[in-house]
Structures are given as C-alpha cells and as structure tokens.
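Enquirer: Just passing along the structure, written as structure tokens.
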Amino acid sequence: MSRFKPLQEKAYEYLKDKIARGELEYGKFYSETKMASEIGISRTPFKDALVRLMQDRYIDIVPSKGFCLHVLSLQDITNTYQSRTAVEGFCAFFLHTRRKESEAVAVIRAIERDLEQMEQAIRDGAPLSEILDLDLDFHRRIVEFSGNDELIKLYESHNHQLYDIAMKTFELEDRPANAAKEHREILRNLVSDDENAAADTYMSVMKHMDNTKDTVIKLMG
C-alpha cells in the first residue's frame, strides 16, 4: 500500500484520535465538510482519509448523510478474532522460538509481570479498566516483539475495534479470572522446552481467542 500524503494522513490521525477518545457518538452522522473545516483541509484529502477509516472498520460512509461510527456485527466479531488468532498466534510462536535470547527473555519477564499484576488486580477487586489494560499489555508485548510494523498495526486496529465490547465481557463475573488463566497457559507454553511447545503456544492463543469470541457473541445475544 502506498503511503498517504501529508494532508490525508493528518485527517486520518485526527479522526482516529477523536474516535479513540470517545468524542464521536454511535448512531450519529457527521458532516465531511464540517469536519474537514475543523482541521483546515479540503474535502478531497479528507474523503480519502474517510475511505481508509472505512476500510479499517472505524466508520461507515452513507451517501447524502455523511459518516458514522461502525457497529460490529457478529460476522465482524468472528472475522476479527480469527485475524487476531493469526496475528497473535504467529507472534507468540515467534517469541517462543527465540525465548532464550536476551531480548526475548526481557519481554517474557515483562509479560509475566503484567500477568501477575492482572491476577493481583482481580483479587483486589480493582477497576475493570485497570484489569483490561493489563490484559491488553500482555498481548501488546507479544505482538511488538515481532518487530513487524504491519502486524503491530493490525493488532492496534483490532484492539480499538474490540475495546468497548471487551470491557463489557469483563463485567461478567468469571471472565477476568478465566482470561488470566488462559494467559497463564500461554505463558507456560512460551517458556516451555517441550518438543511440542511451539505448536502448543499457538494453540493456547487460539483457545484464548475462541473463548473470548464465544463470550462476546453470547453477550451480544
């Protein structure tokens, strides 16, 4: 994919930041012209940014109405968790294969600290936002170790799309504790020297994603 021109990139980052901060409302349509004027660019680069945001499933563009935040469907949920399995399963596999290298050892120690803090936060009854952030740190470190910018961007995109609904799943009584147990299984496989540990690492990520996806779908009714 060719890089965006500066004005297009400016518009893309501006809107993505507003979405991330919760400044746009679901079910409300926004004017391309008005939003473009807020940042002082013409409609053409702004529209190009909107197309990219639509492709990334942040928004939907409706002719004659403007654009609105994208609402995840059941198919979106399935597709997204399958994509997360592919991305994070590979990254966990990659980290496992390098688990003896100094950089990987440091990352694995940080992952273990994240998990220990998550488990303690659950025991302490900490705010769900704090527990979820520790959950996401666990995944983020695994993906960032790959050093692959495209995979990191995919992870960040998935993270945004699922954050709100992940928070809702953590309101279910057993989900935070179950998520921590699944993280613990991933970590055990990451550091294991068993001959099947590499495959087991990928499979434990897949199991975690499948369990989370099933919880989300059940929650959505």
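Identifiers in this document derive from the order of the structure tokens: chains are assigned A, B, ..., residues are numbered from 1 separately in each chain, and ligands are numbered from 1 in order of occurrence.
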Please, which residues of region 8-104 of chain A, numbered as in this document, come out helix (DSSP H, G or I) from DSSP, as a VMD selection string?
Expert: chain A and resid 8 to 20 32 to 39 43 to 55 74 to 97 102 to 104
Enquirer: The selected residues should be written to file as a PDB file, in the first residue's frame (atoms: C-alpha atoms).
Expert:
ATOM      1  CA  GLN A   8      -4.627  12.647   4.124  1.00  0.00           C
ATOM      2  CA  GLU A   9      -2.500  11.311   6.975  1.00  0.00           C
ATOM      3  CA  LYS A  10      -3.330  14.350   9.094  1.00  0.00           C
ATOM      4  CA  ALA A  11      -7.056  13.808   8.586  1.00  0.00           C
ATOM      5  CA  TYR A  12      -6.796  10.082   9.222  1.00  0.00           C
ATOM      6  CA  GLU A  13      -4.906  10.511  12.506  1.00  0.00           C
ATOM      7  CA  TYR A  14      -7.173  13.373  13.611  1.00  0.00           C
ATOM      8  CA  LEU A  15     -10.326  11.320  13.190  1.00  0.00           C
ATOM      9  CA  LYS A  16      -8.829   8.134  14.592  1.00  0.00           C
ATOM     10  CA  ASP A  17      -7.744  10.064  17.686  1.00  0.00           C
ATOM     11  CA  LYS A  18     -11.233  11.534  18.156  1.00  0.00           C
ATOM     12  CA  ILE A  19     -12.716   8.042  17.894  1.00  0.00           C
ATOM     13  CA  ALA A  20     -10.197   6.606  20.370  1.00  0.00           C
ATOM     14  CA  GLU A  32     -17.450  15.562   5.877  1.00  0.00           C
ATOM     15  CA  THR A  33     -17.414  19.277   5.034  1.00  0.00           C
ATOM     16  CA  LYS A  34     -17.725  20.439   8.629  1.00  0.00           C
ATOM     17  CA  MET A  35     -15.138  18.019   9.949  1.00  0.00           C
ATOM     18  CA  ALA A  36     -12.673  18.894   7.169  1.00  0.00           C
ATOM     19  CA  SER A  37     -13.037  22.588   8.004  1.00  0.00           C
ATOM     20  CA  GLU A  38     -12.185  21.863  11.663  1.00  0.00           C
ATOM     21  CA  ILE A  39      -8.676  20.865  10.679  1.00  0.00           C
ATOM     22  CA  ARG A  43     -12.737  17.705   1.212  1.00  0.00           C
ATOM     23  CA  THR A  44     -10.642  15.629  -1.212  1.00  0.00           C
ATOM     24  CA  PRO A  45      -7.871  14.543   1.180  1.00  0.00           C
ATOM     25  CA  PHE A  46     -10.414  14.320   3.985  1.00  0.00           C
ATOM     26  CA  LYS A  47     -12.610  11.988   1.928  1.00  0.00           C
ATOM     27  CA  ASP A  48      -9.567   9.832   1.127  1.00  0.00           C
ATOM     28  CA  ALA A  49      -8.932   9.549   4.876  1.00  0.00           C
ATOM     29  CA  LEU A  50     -12.560   8.550   5.440  1.00  0.00           C
ATOM     30  CA  VAL A  51     -12.257   5.773   2.857  1.00  0.00           C
ATOM     31  CA  ARG A  52      -9.245   4.394   4.709  1.00  0.00           C
ATOM     32  CA  LEU A  53     -11.075   4.603   8.041  1.00  0.00           C
ATOM     33  CA  MET A  54     -13.995   2.752   6.484  1.00  0.00           C
ATOM     34  CA  GLN A  55     -11.641   0.046   5.194  1.00  0.00           C
ATOM     35  CA  LEU A  74     -21.485 -10.951  14.561  1.00  0.00           C
ATOM     36  CA  GLN A  75     -19.554 -11.634  11.353  1.00  0.00           C
ATOM     37  CA  ASP A  76     -17.185  -8.767  12.180  1.00  0.00           C
ATOM     38  CA  ILE A  77     -16.571 -10.342  15.589  1.00  0.00           C
ATOM     39  CA  THR A  78     -15.812 -13.750  14.070  1.00  0.00           C
ATOM     40  CA  ASN A  79     -13.547 -12.279  11.391  1.00  0.00           C
ATOM     41  CA  THR A  80     -11.693 -10.076  13.866  1.00  0.00           C
ATOM     42  CA  TYR A  81     -10.955 -12.840  16.351  1.00  0.00           C
ATOM     43  CA  GLN A  82      -9.814 -15.150  13.565  1.00  0.00           C
ATOM     44  CA  SER A  83      -7.470 -12.381  12.400  1.00  0.00           C
ATOM     45  CA  ARG A  84      -6.233 -11.863  15.956  1.00  0.00           C
ATOM     46  CA  THR A  85      -5.516 -15.582  16.218  1.00  0.00           C
ATOM     47  CA  ALA A  86      -3.442 -15.436  13.038  1.00  0.00           C
ATOM     48  CA  VAL A  87      -1.505 -12.345  14.154  1.00  0.00           C
ATOM     49  CA  GLU A  88      -1.016 -13.112  17.832  1.00  0.00           C
ATOM     50  CA  GLY A  89      -0.586 -16.850  17.315  1.00  0.00           C
ATOM     51  CA  PHE A  90       2.290 -16.211  14.918  1.00  0.00           C
ATOM     52  CA  CYS A  91       3.833 -13.578  17.210  1.00  0.00           C
ATOM     53  CA  ALA A  92       3.644 -15.884  20.229  1.00  0.00           C
ATOM     54  CA  PHE A  93       5.171 -18.704  18.161  1.00  0.00           C
ATOM     55  CA  PHE A  94       7.935 -16.309  17.052  1.00  0.00           C
ATOM     56  CA  LEU A  95       8.641 -15.252  20.649  1.00  0.00           C
ATOM     57  CA  HIS A  96       8.764 -18.884  21.780  1.00  0.00           C
ATOM     58  CA  THR A  97      11.349 -19.792  19.152  1.00  0.00           C
ATOM     59  CA  SER A 102      18.267 -11.792  25.913  1.00  0.00           C
ATOM     60  CA  GLU A 103      15.696  -9.506  24.288  1.00  0.00           C
ATOM     61  CA  ALA A 104      13.051 -12.245  24.361  1.00  0.00           C
TER      62      ALA A 104
END
Enquirer: Which is closest to Leu115 (chain A) among A:Ile186, A:Ile61, A:Leu72, A:His160, if we use only C-alpha atoms?
Expert: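 That would be A:Ile186, the residue with the smallest distance to Leu115 (chain A).
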Enquirer: Could you find all residues in chain A that DSSP calls strand (DSSP E or B) from the backbone, and write them as an MDAnalysis selection string?
Expert: chainID A and resid 30 59:62 66:69
Enquirer: Looking at A:Leu154, A:His139, A:Ala121, A:Phe145, which one is nearest to His208 (chain A), with distances taken over only C-alpha atoms?
Expert: A:His139
Enquirer: Determine the nearest neighbour of Ala180 (chain A) from the options A:Ile122, A:Val62, A:Val107, A:Ile142, counting only C-alpha atoms.
Expert: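 Smallest distance to Ala180 (chain A) is found for A:Ile122.
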Enquirer: Between A:Leu162, A:Lys153, A:Leu172, A:Ile41, which one has atoms that come closest to Pro6 (chain A), using only C-alpha atoms?
Expert: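 Smallest separation from Pro6 (chain A) among the options: A:Ile41.
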Enquirer: Could you tell me how far CA of Tyr155 (chain A) sits from CA of Arg140 (chain A), in Å to one decimal place?
Expert: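 These atoms are spaced 7.8 Å apart.
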Enquirer: Quick one: residues within 12 Å of Ser192 (chain A), only C-alpha atoms counted, chain neighbours fewer than 4 positions away excluded, as a VMD selection string?
Expert: chain A and resid 93 95 to 100 108 185 to 188 196 to 201
Enquirer: Can I get the selected residues back with C-alpha atoms, as a PDB file, in the first residue's frame?
Expert:
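Generated output (part.pdb):
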ATOM      1  CA  PHE A  93       5.171 -18.704  18.161  1.00  0.00           C
ATOM      2  CA  LEU A  95       8.641 -15.252  20.649  1.00  0.00           C
ATOM      3  CA  HIS A  96       8.764 -18.884  21.780  1.00  0.00           C
ATOM      4  CA  THR A  97      11.349 -19.792  19.152  1.00  0.00           C
ATOM      5  CA  ARG A  98      13.613 -17.007  20.486  1.00  0.00           C
ATOM      6  CA  ARG A  99      12.813 -17.453  24.176  1.00  0.00           C
ATOM      7  CA  LYS A 100      16.495 -17.974  25.108  1.00  0.00           C
ATOM      8  CA  ILE A 108       8.811 -12.663  28.709  1.00  0.00           C
ATOM      9  CA  GLU A 185      -1.382 -21.191  29.875  1.00  0.00           C
ATOM     10  CA  ILE A 186       0.058 -19.133  27.012  1.00  0.00           C
ATOM     11  CA  LEU A 187       2.980 -18.086  29.221  1.00  0.00           C
ATOM     12  CA  ARG A 188       3.691 -21.674  30.300  1.00  0.00           C
ATOM     13  CA  ASN A 196       5.575 -29.674  21.117  1.00  0.00           C
ATOM     14  CA  ALA A 197       5.684 -26.334  22.956  1.00  0.00           C
ATOM     15  CA  ALA A 198       5.842 -24.188  19.804  1.00  0.00           C
ATOM     16  CA  ALA A 199       2.626 -25.702  18.465  1.00  0.00           C
ATOM     17  CA  ASP A 200       1.091 -25.636  21.939  1.00  0.00           C
ATOM     18  CA  THR A 201       1.877 -21.924  22.192  1.00  0.00           C
TER      19      THR A 201
END
Enquirer: Nearest residue to Ser64 (chain A) out of A:Ser42, A:Ser129, A:Phe29, A:Ser157, using only C-alpha atoms?
Expert: A:Phe29
